[in-house]
Amino acid sequence: MYIDFDGMQTKELPHFKGGEKTFRADMFDDGDTKIMRGRLESGASIGLHTHEGNCEIIYILSGNGKVKYDDTEEKLSAGSCHYCPKGHSHSLINDGDEDLVFFAVVPELR
């Protein structure tokens, strides 16, 4: 199945999960898995949240940022991959000067 992110309506999600500014996402959701290309402008973030019934994989396409994961903090840049397993908490923060663009997959776990 081909997913055309460029042909999608971009969703603007202000203060997503309690984060700063606006999270912009081109998102495919078939009810079992969310697949998205996301963008955080400089200073924007996705707030700290726990993955109760799913996990998340985030691959950084461009920009720089950091992820708070449980009690740790990890720096991210283009080519970095972050994994948040079920039952763990994380947030994504753009602390760089340019947009943080990433690809994320959130499969529902049964």
# chains A, B, ... in the order shown; residues from 1 in each chain; ligands from 1
>>> closest_atom_pairs(of="region 14-66 of chain A", to="region 82-99 of chain A", cutoff="6 Å", atoms="only C-alpha atoms", output="CSV")
residue,atom,partner,partner_atom,distance
A:Leu40,CA,A:Asp99,CA,5.6
A:Glu41,CA,A:Asp99,CA,4.4
A:Ser42,CA,A:Asp97,CA,5.4
A:Gly43,CA,A:Asn94,CA,5.5
A:Ala44,CA,A:Asn94,CA,5.6
A:Ser45,CA,A:Ile93,CA,4.3
A:Ile46,CA,A:Leu92,CA,5.2
A:Gly47,CA,A:Ser91,CA,5.1
A:Leu48,CA,A:Ser91,CA,4.3
A:His49,CA,A:Ser89,CA,5.3
A:Thr50,CA,A:Ser89,CA,4.0
A:His51,CA,A:Lys86,CA,5.1
A:Glu52,CA,A:Gly87,CA,5.2
A:Asn54,CA,A:Lys86,CA,5.3
A:Cys55,CA,A:Pro85,CA,4.6
A:Glu56,CA,A:Cys84,CA,5.2
A:Ile57,CA,A:Tyr83,CA,4.6
A:Ile58,CA,A:His82,CA,5.1
A:Gly63,CA,A:Asp99,CA,5.7
A:Asn64,CA,A:Gly96,CA,5.2
A:Gly65,CA,A:Asn94,CA,4.4
A:Lys66,CA,A:Ile93,CA,5.3
>>> select_by_dssp(residues="chain A", states="strand (DSSP E or B)", output="NGL selection string")
:A and (11-14 or 22-29 or 33-40 or 45-50 or 54 or 56-62 or 64-69 or 72-77 or 81-84 or 89-93 or 100-108)
>>> closest_atom_pairs(of="region 73-105 of chain A", to="region 22-38 of chain A", cutoff="10 Å", atoms="only C-alpha atoms", output="CSV")
residue,atom,partner,partner_atom,distance
A:Asp99,CA,A:Gly38,CA,9.9
A:Leu100,CA,A:Gly38,CA,8.1
A:Val101,CA,A:Gly38,CA,5.7
A:Phe102,CA,A:Gly38,CA,5.2
A:Phe103,CA,A:Arg37,CA,4.6
A:Ala104,CA,A:Met36,CA,5.3
A:Val105,CA,A:Ile35,CA,4.6
>>> write_last_selection(atoms="C-alpha atoms", output="tab-separated table (two decimals), in the first residue's frame")
chain	number	residue	atom	x	y	z
A	99	ASP	CA	12.09	22.45	11.92
A	100	LEU	CA	12.37	18.96	13.40
A	101	VAL	CA	10.88	16.60	10.80
A	102	PHE	CA	10.29	12.96	11.65
A	103	PHE	CA	8.59	9.75	10.58
A	104	ALA	CA	6.65	7.92	13.30
A	105	VAL	CA	4.79	4.61	13.56
>>> closest_residue(among="A:Leu13, A:Met1, A:Val106, A:Ile60", to="Gly79 (chain A)", atoms="only C-alpha atoms")
A:Ile60
